[in-house]
Amino acid sequence: MSDLVLDNVSKVYRPRGKAPVQAVRNVRLDVKDGEIVALLGSSGCGKTSMLRMVAGFEDATAGAIRIGGRDVHNLPPAARDVAMAFEGYSLYPPLKVRENIGFALLRERKASAEIEGRVRQVAELLEIAEILDRYPTVISAGQQQRTSLARALIRRAPVSLLDEPMSQLEPQLRAILRARLKDYLIEHRMTTVFVTHDQTEAIALADRIAVMEKGELQQFGTPAEIKQSPNNLFVASFIGEPPMNIFDATVKARGNGVAVQAIGPSGQPAFDLESPLLEQAPRAGKIRIGIRPHLIEIGGLGAGHATARVVTNHWLGDQSHICFDIGGCSVVGVTDRPIQAAQGDALPVRFPLAALHLFDAESGRALAHGLEAQRGE
Amino acid sequence: MDQTSTFEKITRGILIVLVLLFFLFPIFWILLMSFQNNDQILRIPPSIAFEPTLQNYTALLTGKLETAAGDLDIAFMRNLGNSLLLSTCAVLLSLALGVPAAYAFARFKFRLGENIAFTLLSFRFAPPLLVLLPLSLYFKQLGLTDTYVGLIWVYQLICLPLILWIVRGYFEDISPDIENAYRIAGHSWWRAFSRIAIPLARPGIAAAALLAFIFAWNNFIFALILASASKQPVTVGALAFVTASGIQYGQIAAAIVLSVTPTLLLALYAQRYLVEGLSLGAVKG
Amino acid sequence: MSSLELRNISKGFKSGKVLDDVSLSVDAGEIVVVFGPSGTGKTVLLRIIAGVQDPDAGAVVIDGADVTDSAPDQRGIGMAFQNFALFPHFSTFDNIASPLEARGTPAGKLKEQVGAVARMLKIDHVLGHAPRELSNGQKQRTALARALVAQPKVLLLDDPLRNVDAKLRYEMRLELPRLLRTFDAAVIYVTQDYKEAMALGDHIAVLRNGRIEQWAAPATVYRAPASVEVARLFGDPTINLLPCRLEAWGDGCGVTLFGRKLPVAASYLRAVGHDVIAGLRPEHVVVRETEMSSAIAFDLDAVMPVNVRSVLYLRGPAGVELLATVAESDAGKFGRGHRKVWIDFAPEDLLLFDAATGARLAPRTEARTN
């Protein structure tokens with residue numbers, strides 16, 4: 001299909017009588033041909049504005065948008081040859097589901113047998129084959145959303161834009177439909193950009209994720225890069241469930257590296273970490289540290305850094321989520337086996353280097369990542 | 001799509017001005033006429049510049065109309081008073097009856113509920129002339145002809161359906177969970193009605209009351225048939241300006257201005273209650 | 001005596017019966033989670049307990065007293081709604097104080113109690129604000145505070161975390177159990193999220209088609225689901241379901257899956273000859289890059305990293321779809337998918353369900369320990 005380039009795109013809204021709102025600020029993004037990209041962020045971060053600008057429903061205040069090398073930011077939506085699945089579904093009420101999905105193909109004057117076949121294929125993919133002959137007003141919100149998605153996917157357009165494509169989906173269908181969707185997009189080499197506030201969905205589906213906050217692009221990288229080397233505190237704490245544990249800490253030079261000491265909520269020292277980091281880390285002063293829950297080693301043998309006191313221990317069938325207290329700091333750890341520990345019990349825990357991230361205390365910018373340092377050694 | 005060109009903006013502006021002129025011009029002209037005497041009004045060609053006079057207003061206020069054929073008594077101020085009394089009482093009564101009824105229709109699903117509600121609305125559809133003859137006969141039998149009570153009662157045909165339908169919509173828009181939460185907290189259903197439902201529906205109640213007032217004020221036919229001169233509102237009283245010795249346009253214009261003023265003032269006062277958004281943010285979705 | 005008892009509650013609407021002979025009991029200090037997909041009557045159940053809706057049959061008993069005919073303001077219950085249901089024209093303080101005000105609590109004591117609850121829920125700094133000025137998380141906590149402030153004997157929580165963002169939802173999932181236990185009320189917590197159910201509940205009542213399909217501790221519901229539907233509802237990604245037939249072989253019995261014969265426990269013998277559905281949880285599927293004699297060839301069509309692990313979408317012989325999870329660190333070697341892999345699993349990990357009724361076939365040994 002086509003590649004998509006956003007070149008320094010900005011969007012300013014000027015509502016009457018109120019201050020102008022900068023929804024998108026100088027975003028540069030390049031989506032490769034056949035790539036799946038997620039625009040991820042909380043509500044109001046500008047991701048939907050960006051999607052609508054690519055589709056042509058909003059004008060970019062500044063910057064250029066190119067599809068397949070062609071400037072499209074001055075073209076009306078119909079001329080851009082993009083397919084879009086809207087957050088509000090926007091189905092045509094007088095047409096059956098089947099006709100809604102096949103609508104765009106009708107415009108392209110395809111043979112009816114071919115349309116029939118492709119509609120059925122996409123409907124089976126999204127588990128809506130049973131409602132093909134119903135009308136949009138009588139089906140559930142989840143089914144409406146899937147119909148809207150089917151309508152966009154069937155076109156196999158050069159660029160497909162999906163706005164929160166699976167937000168209404170029942171949890172039980174989510175895993176399998178995500179899998180089928182990803183398979184479909186890869187198989188037909190469809191360049192796709194989708195918007196979501198659910199970081200689990202972004203990580204599952206996307207080849208690369210663009211994390212946005214307050215209109216600015218915070219980081220654009222693969223899920224692995226974003227998880228292992230987040231650019232700043234915002235990205236680090238947004239991605240990952242359970243969220244990354246974040247603490248205040250102080251740094252002191254020691255030998256070849258630095259000694260990091262976490263500070264509890266009332267300012268008292270909580271626990272110590274060894275970390276032979278690194279040129280970027282400051283030699284002294286206040287910083288913030290992040291520790292990924294599932295990289296913490298819980299229980300087991302070997303020296304623990306500190307003894308943790310269990311606060312809650314939840315076994316969720318295939319993983320344990322344990323919240324424990326170390327020196328006043330509340331830490332959450334995840335492991336894939338049940339841990340026999342009740343509230344108040346002591347547990348040895350270890351924070352391997354790979355689990356650590358250091359951030360600047362003021363700006364939140366990332367200073368060093370444990371995994372990178374480990375690889376560098 | 002904010003692709004409107006300058007041309008479209010200018011054209012839109014011009015069209016809006018034309019539409020405004022079309023609707024506001026008659027009102028403006030009447031205002032002018034109320035400050036002119038008959039000669040100035042009937043002058044050809046008509047002009048904007050003139051010497052204003054208050055004689056029309058004085059005539060109305062004192063009740064004496066000077067015509068070529070001598071002085072006539074105009075009971076305009078009494079008519080104005082009647083209008084105020086009838087409209088206000090009619091609206092108050094319809095609020096007292098209609099608001100609780102609207103609540104009942106909104107919250108409780110009872111048999112024939114929709115049918116009853118629709119029947120009450122249908123009163124607005126029927127032309128008053130249709131019911132006037134039987135009504136006047138009933139009124140004579142009940143001794144209600146030419147009484148304030150009788151008129152206020154008949155005005156319910158105008159006001160009550162409005163209150164019912166508008167306020168019911170507002171009650172239905174309030175999530176029942178808010179009242180449920182209040183009741184679960186330990187309050188009786190009456191307190192839930194008076195402390196939660198009514199304050200939250202206030203914009204709707206204000207809008208409905210205002211509309212009901214306007215419709216009651218404008219009513220002509222009921223008052224014409226069922227009341228005599230002493231109880232007539234301004235709508236009927238205006239007929240008196242068509243005298244044997246010519247039509248007093250100046251006084252009619254002044255009468256119109258005075259008739260419109262109370263409703264206008266009420267609307268301006270009620271405006272702040274019409275502000276929406278009271279329940280925004282307290283209930284998700 | 002339990003604090004809250006529901007006896008044979010039934011409720012039907014024009015669309016059908018929403019609750020069919022539902023009975024359960026909750027002790028003081030216990031958290032019972034009522035779990036089920038949307039539209040299954042969980043909210044109706046809470047409304048019947050609260051008294052804002054009447055049951056067609058059955059009784060609600062609080063502390064030994066039958067309150068089925070009492071008005072909601074007479075039942076001494078605290079309830080937090082899914083859509084918050086805050087009073088928009090009251091301040092946050094007045095919202096929380098409302099139950100105390102209804103009980104005629106004097107002003108000084110009222111202020112003290114409201115302050116205490118607000119501090120516990122970390123909203124004491126927004127007490128003067130109107131509801132529309134609060135964030136969703138703060139609104140949810142205000143709704144909770146209002147439910148808790150009068151120390152009710154029975155606490156009803158209707159999916160309170162549903163409309164709250166993911167990060168806050170996770171934090172509250174950790175905080176709520178501790179918070180609720182300090183109040184020693186009988187708690188019924190309604191949710192559609194199985195992880196929340198497992199984290200919060202002492203017992204889970206799975207509500208389906210108006211009936212309680214399973215009543216058990218969380219770990220039991222996951223490990224030994226009563227039916228196919230319960231197995232599907234508990235687990236992320238959803239359990240793999242493979243139709244097959246239980247046959248007798250020699251001394252024992254087994255099923256044939258993907259062309260392989262798999263022996264299962266002899267205690268399943270009485271169900272031989274039945275059509276069954278074999279359930280295999282994704283975490284029990286072993287995925288290998290290289291061929292092994294016992295492993296079955298599958299096409300790996302997509303790899304989806306999910307937080308702690310990756311989900312592999314596999315397609316095998318006869319178009320069967322399978323989901324497997326592997327540790328995040330192992331997922332890297334599979335790239336973007338679209339290659340061949342070989343899968344394996346232990347027959348003991350299979351959960352067998354009767355294909356006709358959906359009920360789980362429990363091996364005889366298990367029946368004793370349940």
# chains A, B, ... in the order shown; residues from 1 in each chain; ligands from 1
$ interface_residues --of "chain A" --to "chain C" --cutoff "7 Å" --atoms "only C-alpha atoms" --output "list in words"
Gln172, Ala175, Ala179, Lys182, Asp183, Thr200, Ile203, Ala204, Leu205, Gly240, Glu241, Pro242, Pro243, His294, His314, Leu316 and Gly317 of chain A
$ write_last_selection --atoms "C-alpha atoms" --output "PDB file, in the first residue's frame"
ATOM      1  CA  GLN A 172     -13.663 -12.390  25.921  1.00  0.00           C
ATOM      2  CA  ALA A 175      -7.811 -11.359  22.336  1.00  0.00           C
ATOM      3  CA  ALA A 179      -5.199 -11.485  16.694  1.00  0.00           C
ATOM      4  CA  LYS A 182      -3.419  -8.057  13.127  1.00  0.00           C
ATOM      5  CA  ASP A 183      -3.195 -11.091  10.873  1.00  0.00           C
ATOM      6  CA  THR A 200      -2.518  -2.810  26.097  1.00  0.00           C
ATOM      7  CA  ILE A 203       1.299  -2.738  22.431  1.00  0.00           C
ATOM      8  CA  ALA A 204      -0.585  -5.766  21.124  1.00  0.00           C
ATOM      9  CA  LEU A 205      -1.364  -4.469  17.650  1.00  0.00           C
ATOM     10  CA  GLY A 240       2.543  -1.080  31.189  1.00  0.00           C
ATOM     11  CA  GLU A 241      -0.004  -2.690  33.418  1.00  0.00           C
ATOM     12  CA  PRO A 242       0.559  -2.651  36.289  1.00  0.00           C
ATOM     13  CA  PRO A 243       2.089   0.813  35.876  1.00  0.00           C
ATOM     14  CA  HIS A 294       7.273  -7.826  36.325  1.00  0.00           C
ATOM     15  CA  HIS A 314      -3.693 -11.283  44.469  1.00  0.00           C
ATOM     16  CA  LEU A 316      -5.296 -13.786  39.090  1.00  0.00           C
ATOM     17  CA  GLY A 317      -5.237 -17.297  37.713  1.00  0.00           C
TER      18      GLY A 317
END
$ residues_around --residues "Tyr189 (chain C)" --least-positions-apart "4" --cutoff "9 Å" --atoms "only C-alpha atoms" --output "count of residues only"
14
$ atom_distance --atom1 "CA of Thr182 (chain C)" --atom2 "CA of Gln151 (chain C)"
10.2 Å
$ interface_residues --of "chain C" --to "chain B" --cutoff "9 Å" --atoms "only C-alpha atoms" --output "ChimeraX atom specification"
/C:50-52,71-89,98-103,130-134,136,139,146-147,150,163
$ write_last_selection --atoms "N, CA and C atoms" --output "short mmCIF file (atom, residue, chain, number, x, y, z; two decimals), in the first residue's frame"
data_model
loop_
_atom_site.label_atom_id
_atom_site.label_comp_id
_atom_site.auth_asym_id
_atom_site.auth_seq_id
_atom_site.Cartn_x
_atom_site.Cartn_y
_atom_site.Cartn_z
N ALA C 50 -31.26 -2.74 47.23
CA ALA C 50 -31.34 -1.37 47.73
C ALA C 50 -32.78 -0.92 47.94
N GLY C 51 -33.71 -1.55 47.23
CA GLY C 51 -35.10 -1.20 47.42
C GLY C 51 -35.66 -0.24 46.38
N VAL C 52 -34.87 0.10 45.35
CA VAL C 52 -35.41 0.99 44.33
C VAL C 52 -36.11 0.20 43.23
N ALA C 71 -39.03 0.77 52.24
CA ALA C 71 -38.57 1.76 51.26
C ALA C 71 -37.05 1.86 51.32
N PRO C 72 -36.41 2.36 50.24
CA PRO C 72 -34.95 2.42 50.22
C PRO C 72 -34.38 3.24 51.36
N ASP C 73 -35.12 4.26 51.81
CA ASP C 73 -34.56 5.09 52.86
C ASP C 73 -34.65 4.43 54.23
N GLN C 74 -35.27 3.23 54.28
CA GLN C 74 -35.40 2.58 55.58
C GLN C 74 -34.41 1.44 55.76
N ARG C 75 -33.58 1.17 54.76
CA ARG C 75 -32.82 -0.08 54.80
C ARG C 75 -31.40 0.05 55.36
N GLY C 76 -30.92 1.26 55.54
CA GLY C 76 -29.58 1.41 56.11
C GLY C 76 -28.48 0.86 55.22
N ILE C 77 -28.59 1.10 53.92
CA ILE C 77 -27.62 0.57 52.96
C ILE C 77 -26.79 1.70 52.38
N GLY C 78 -25.55 1.41 52.03
CA GLY C 78 -24.77 2.38 51.29
C GLY C 78 -24.55 1.86 49.89
N MET C 79 -24.69 2.71 48.89
CA MET C 79 -24.53 2.23 47.51
C MET C 79 -23.72 3.21 46.68
N ALA C 80 -22.78 2.68 45.93
CA ALA C 80 -22.01 3.49 44.98
C ALA C 80 -22.37 3.06 43.57
N PHE C 81 -22.81 4.00 42.74
CA PHE C 81 -23.31 3.68 41.41
C PHE C 81 -22.19 3.72 40.38
N GLN C 82 -22.43 3.02 39.29
CA GLN C 82 -21.45 2.97 38.20
C GLN C 82 -21.26 4.33 37.55
N ASN C 83 -22.36 5.08 37.41
CA ASN C 83 -22.24 6.40 36.78
C ASN C 83 -22.17 7.50 37.84
N PHE C 84 -21.70 7.16 39.02
CA PHE C 84 -21.46 8.05 40.14
C PHE C 84 -22.75 8.57 40.79
N ALA C 85 -23.70 9.11 39.98
CA ALA C 85 -24.96 9.62 40.51
C ALA C 85 -24.76 10.61 41.65
N LEU C 86 -23.81 11.53 41.46
CA LEU C 86 -23.62 12.58 42.47
C LEU C 86 -24.71 13.63 42.28
N PHE C 87 -25.00 14.39 43.35
CA PHE C 87 -26.01 15.44 43.24
C PHE C 87 -25.32 16.67 42.65
N PRO C 88 -25.65 17.03 41.41
CA PRO C 88 -24.86 18.05 40.71
C PRO C 88 -24.95 19.44 41.33
N HIS C 89 -26.03 19.72 42.04
CA HIS C 89 -26.20 21.07 42.56
C HIS C 89 -25.79 21.14 44.03
N SER C 98 -24.78 13.77 52.83
CA SER C 98 -26.22 13.49 52.67
C SER C 98 -26.77 12.36 53.55
N PRO C 99 -26.11 11.19 53.63
CA PRO C 99 -26.68 10.15 54.50
C PRO C 99 -26.70 10.55 55.96
N LEU C 100 -25.68 11.29 56.39
CA LEU C 100 -25.66 11.71 57.79
C LEU C 100 -26.75 12.75 58.05
N GLU C 101 -26.95 13.60 57.04
CA GLU C 101 -27.98 14.63 57.18
C GLU C 101 -29.35 13.99 57.30
N ALA C 102 -29.56 12.91 56.54
CA ALA C 102 -30.86 12.23 56.60
C ALA C 102 -31.10 11.62 57.97
N ARG C 103 -30.00 11.24 58.64
CA ARG C 103 -30.14 10.63 59.96
C ARG C 103 -30.17 11.67 61.07
N ALA C 130 -17.76 21.73 43.21
CA ALA C 130 -18.99 21.14 42.68
C ALA C 130 -18.60 19.89 41.89
N PRO C 131 -19.50 18.91 41.75
CA PRO C 131 -19.15 17.67 41.05
C PRO C 131 -18.58 17.89 39.66
N ARG C 132 -19.05 18.88 38.92
CA ARG C 132 -18.56 19.00 37.55
C ARG C 132 -17.11 19.45 37.49
N GLU C 133 -16.58 19.93 38.63
CA GLU C 133 -15.17 20.36 38.63
C GLU C 133 -14.24 19.22 38.99
N LEU C 134 -14.78 18.06 39.32
CA LEU C 134 -13.93 16.95 39.76
C LEU C 134 -13.53 16.07 38.58
N ASN C 136 -12.81 12.25 36.96
CA ASN C 136 -13.57 11.01 37.10
C ASN C 136 -13.15 10.23 38.33
N LYS C 139 -14.64 11.85 41.34
CA LYS C 139 -16.08 11.63 41.43
C LYS C 139 -16.36 10.23 41.98
N ARG C 146 -19.60 8.77 49.97
CA ARG C 146 -21.00 8.94 50.33
C ARG C 146 -21.61 7.61 50.77
N ALA C 147 -21.18 6.52 50.13
CA ALA C 147 -21.73 5.21 50.49
C ALA C 147 -21.20 4.76 51.86
N ALA C 150 -21.88 6.72 56.49
CA ALA C 150 -22.78 6.42 57.61
C ALA C 150 -22.54 5.03 58.17
N ASN C 163 -15.81 3.42 34.96
CA ASN C 163 -15.62 4.66 34.19
C ASN C 163 -14.38 5.42 34.61
#
$ interface_residues --of "chain A" --to "chain B" --cutoff "8 Å" --atoms "only C-alpha atoms" --output "MDAnalysis selection string"
chainID A and resid 57:59
$ write_last_selection --atoms "N, CA and C atoms" --output "compact mmCIF listing (two decimals), in the first residue's frame"
# COMPACT_ATOMS: atom_id res chain seq x y z
N PHE A 57 -10.83 15.63 7.68
CA PHE A 57 -11.98 16.28 8.32
C PHE A 57 -11.57 17.51 9.10
N GLU A 58 -10.29 17.70 9.31
CA GLU A 58 -9.78 18.93 9.92
C GLU A 58 -8.65 19.44 9.03
N ASP A 59 -8.50 20.75 8.97
CA ASP A 59 -7.35 21.30 8.25
C ASP A 59 -6.17 21.42 9.19
$ select_by_dssp --residues "region 8-55 of chain B" --states "helix (DSSP H, G or I)" --output "PyMOL selection string"
chain B and resi 8-33+38-42+55
$ residues_around --residues "Ile163 (chain B)" --least-positions-apart "6" --cutoff "8 Å" --atoms "only C-alpha atoms" --output "PyMOL selection string"
chain B and resi 94-95+98-99+102+205+208-209+212
$ residues_around --residues "Ile296 (chain C)" --least-positions-apart "5" --cutoff "8 Å" --atoms "only C-alpha atoms" --output "ChimeraX atom specification"
/C:258,342-344
$ residues_around --residues "Phe183 (chain C)" --least-positions-apart "5" --cutoff "9 Å" --atoms "only C-alpha atoms" --output "list in words"
Gly29, Leu148, Gln151, Pro152 and Lys153 of chain C
$ atom_distance --atom1 "CA of Ser2 (chain C)" --atom2 "CA of Asp69 (chain C)"
19.4 Å
$ closest_residue --among "A:Arg350, A:Glu372, A:Lys18, A:Ile209" --to "Asp272 (chain A)" --atoms "only C-alpha atoms"
A:Arg350
$ closest_residue --among "A:Asp163, A:Asp336, A:Glu297, A:Asp207" --to "Ala354 (chain A)" --atoms "only C-alpha atoms"
A:Glu297
$ select_by_dssp --residues "region 28-138 of chain A" --states "strand (DSSP E)" --output "ChimeraX atom specification"
/A:28-31,36-40,62-67,70-71,82-85
$ write_last_selection --atoms "N, CA and C atoms" --output "mmCIF file, in the first residue's frame"
data_model
loop_
_atom_site.group_PDB
_atom_site.id
_atom_site.type_symbol
_atom_site.label_atom_id
_atom_site.label_comp_id
_atom_site.auth_asym_id
_atom_site.auth_seq_id
_atom_site.Cartn_x
_atom_site.Cartn_y
_atom_site.Cartn_z
ATOM 1 N N ARG A 28 6.172 15.238 13.878
ATOM 2 C CA ARG A 28 6.788 14.630 12.706
ATOM 3 C C ARG A 28 6.685 13.109 12.850
ATOM 4 N N LEU A 29 6.063 12.484 11.887
ATOM 5 C CA LEU A 29 5.808 11.058 11.982
ATOM 6 C C LEU A 29 5.917 10.458 10.601
ATOM 7 N N ASP A 30 6.627 9.339 10.517
ATOM 8 C CA ASP A 30 6.635 8.678 9.211
ATOM 9 C C ASP A 30 6.196 7.236 9.398
ATOM 10 N N VAL A 31 5.166 6.851 8.665
ATOM 11 C CA VAL A 31 4.640 5.495 8.747
ATOM 12 C C VAL A 31 5.065 4.771 7.489
ATOM 13 N N ILE A 36 1.889 -0.880 10.931
ATOM 14 C CA ILE A 36 0.742 -0.576 11.803
ATOM 15 C C ILE A 36 1.247 0.337 12.913
ATOM 16 N N VAL A 37 0.674 1.522 12.974
ATOM 17 C CA VAL A 37 1.125 2.507 13.963
ATOM 18 C C VAL A 37 -0.029 2.875 14.888
ATOM 19 N N ALA A 38 0.263 2.959 16.168
ATOM 20 C CA ALA A 38 -0.752 3.365 17.137
ATOM 21 C C ALA A 38 -0.483 4.785 17.596
ATOM 22 N N LEU A 39 -1.544 5.606 17.692
ATOM 23 C CA LEU A 39 -1.434 6.922 18.327
ATOM 24 C C LEU A 39 -2.013 6.744 19.723
ATOM 25 N N LEU A 40 -1.176 6.819 20.707
ATOM 26 C CA LEU A 40 -1.584 6.474 22.060
ATOM 27 C C LEU A 40 -1.479 7.676 22.975
ATOM 28 N N ALA A 62 -0.642 24.073 10.264
ATOM 29 C CA ALA A 62 0.690 24.208 9.663
ATOM 30 C C ALA A 62 1.212 22.825 9.356
ATOM 31 N N GLY A 63 2.157 22.736 8.433
ATOM 32 C CA GLY A 63 2.779 21.454 8.143
ATOM 33 C C GLY A 63 2.142 20.772 6.941
ATOM 34 N N ALA A 64 2.726 19.641 6.570
ATOM 35 C CA ALA A 64 2.270 18.934 5.375
ATOM 36 C C ALA A 64 1.987 17.479 5.672
ATOM 37 N N ILE A 65 1.061 16.905 4.918
ATOM 38 C CA ILE A 65 0.737 15.485 5.045
ATOM 39 C C ILE A 65 0.878 14.867 3.663
ATOM 40 N N ARG A 66 1.655 13.771 3.615
ATOM 41 C CA ARG A 66 1.902 13.145 2.309
ATOM 42 C C ARG A 66 1.563 11.668 2.369
ATOM 43 N N ILE A 67 0.816 11.220 1.374
ATOM 44 C CA ILE A 67 0.509 9.788 1.272
ATOM 45 C C ILE A 67 1.120 9.294 -0.023
ATOM 46 N N ARG A 70 2.591 11.872 -2.156
ATOM 47 C CA ARG A 70 1.742 12.918 -2.754
ATOM 48 C C ARG A 70 1.209 13.807 -1.637
ATOM 49 N N ASP A 71 1.260 15.123 -1.828
ATOM 50 C CA ASP A 71 0.714 16.054 -0.838
ATOM 51 C C ASP A 71 -0.804 15.917 -0.783
ATOM 52 N N VAL A 82 -8.378 7.271 1.569
ATOM 53 C CA VAL A 82 -8.121 6.621 2.855
ATOM 54 C C VAL A 82 -9.431 6.003 3.337
ATOM 55 N N ALA A 83 -9.329 4.931 4.113
ATOM 56 C CA ALA A 83 -10.506 4.313 4.716
ATOM 57 C C ALA A 83 -10.500 4.669 6.197
ATOM 58 N N MET A 84 -11.673 4.969 6.733
ATOM 59 C CA MET A 84 -11.705 5.371 8.149
ATOM 60 C C MET A 84 -12.812 4.665 8.904
ATOM 61 N N ALA A 85 -12.512 4.181 10.092
ATOM 62 C CA ALA A 85 -13.515 3.635 11.010
ATOM 63 C C ALA A 85 -13.653 4.632 12.138
#
$ atom_distance --atom1 "CA of Leu164 (chain B)" --atom2 "CA of Cys89 (chain B)"
16.8 Å
$ closest_residue --among "C:Val190, C:Leu180, C:Ala59, C:Ala362" --to "Thr40 (chain C)" --atoms "only C-alpha atoms"
C:Val190
$ residues_around --residues "Pro134 (chain B)" --least-positions-apart "6" --cutoff "12 Å" --atoms "only C-alpha atoms" --output "list in words"
Pro128, Lys140, Gln141, Ile225 and Leu226 of chain B
$ write_last_selection --atoms "C-alpha atoms" --output "PDB file, in the first residue's frame"
ATOM      1  CA  PRO B 128     -60.737  26.552  20.627  1.00  0.00           C
ATOM      2  CA  LYS B 140     -73.836  29.335  32.144  1.00  0.00           C
ATOM      3  CA  GLN B 141     -75.112  26.273  33.942  1.00  0.00           C
ATOM      4  CA  ILE B 225     -66.808  34.649  24.526  1.00  0.00           C
ATOM      5  CA  LEU B 226     -66.630  33.729  28.172  1.00  0.00           C
TER       6      LEU B 226
END
$ residues_around --residues "Arg260 (chain C)" --least-positions-apart "3" --cutoff "9 Å" --atoms "only C-alpha atoms" --output "list of chain:residue names"
C:Val255, C:Thr256, C:Leu257, C:Ser294, C:Ile296
$ closest_residue --among "C:Leu262, C:Val154, C:Ala186, C:Leu127" --to "Ser91 (chain C)" --atoms "only C-alpha atoms"
C:Leu127
$ closest_residue --among "A:Ala270, A:Met50, A:Ala206, A:Leu185" --to "Arg155 (chain A)" --atoms "only C-alpha atoms"
A:Leu185
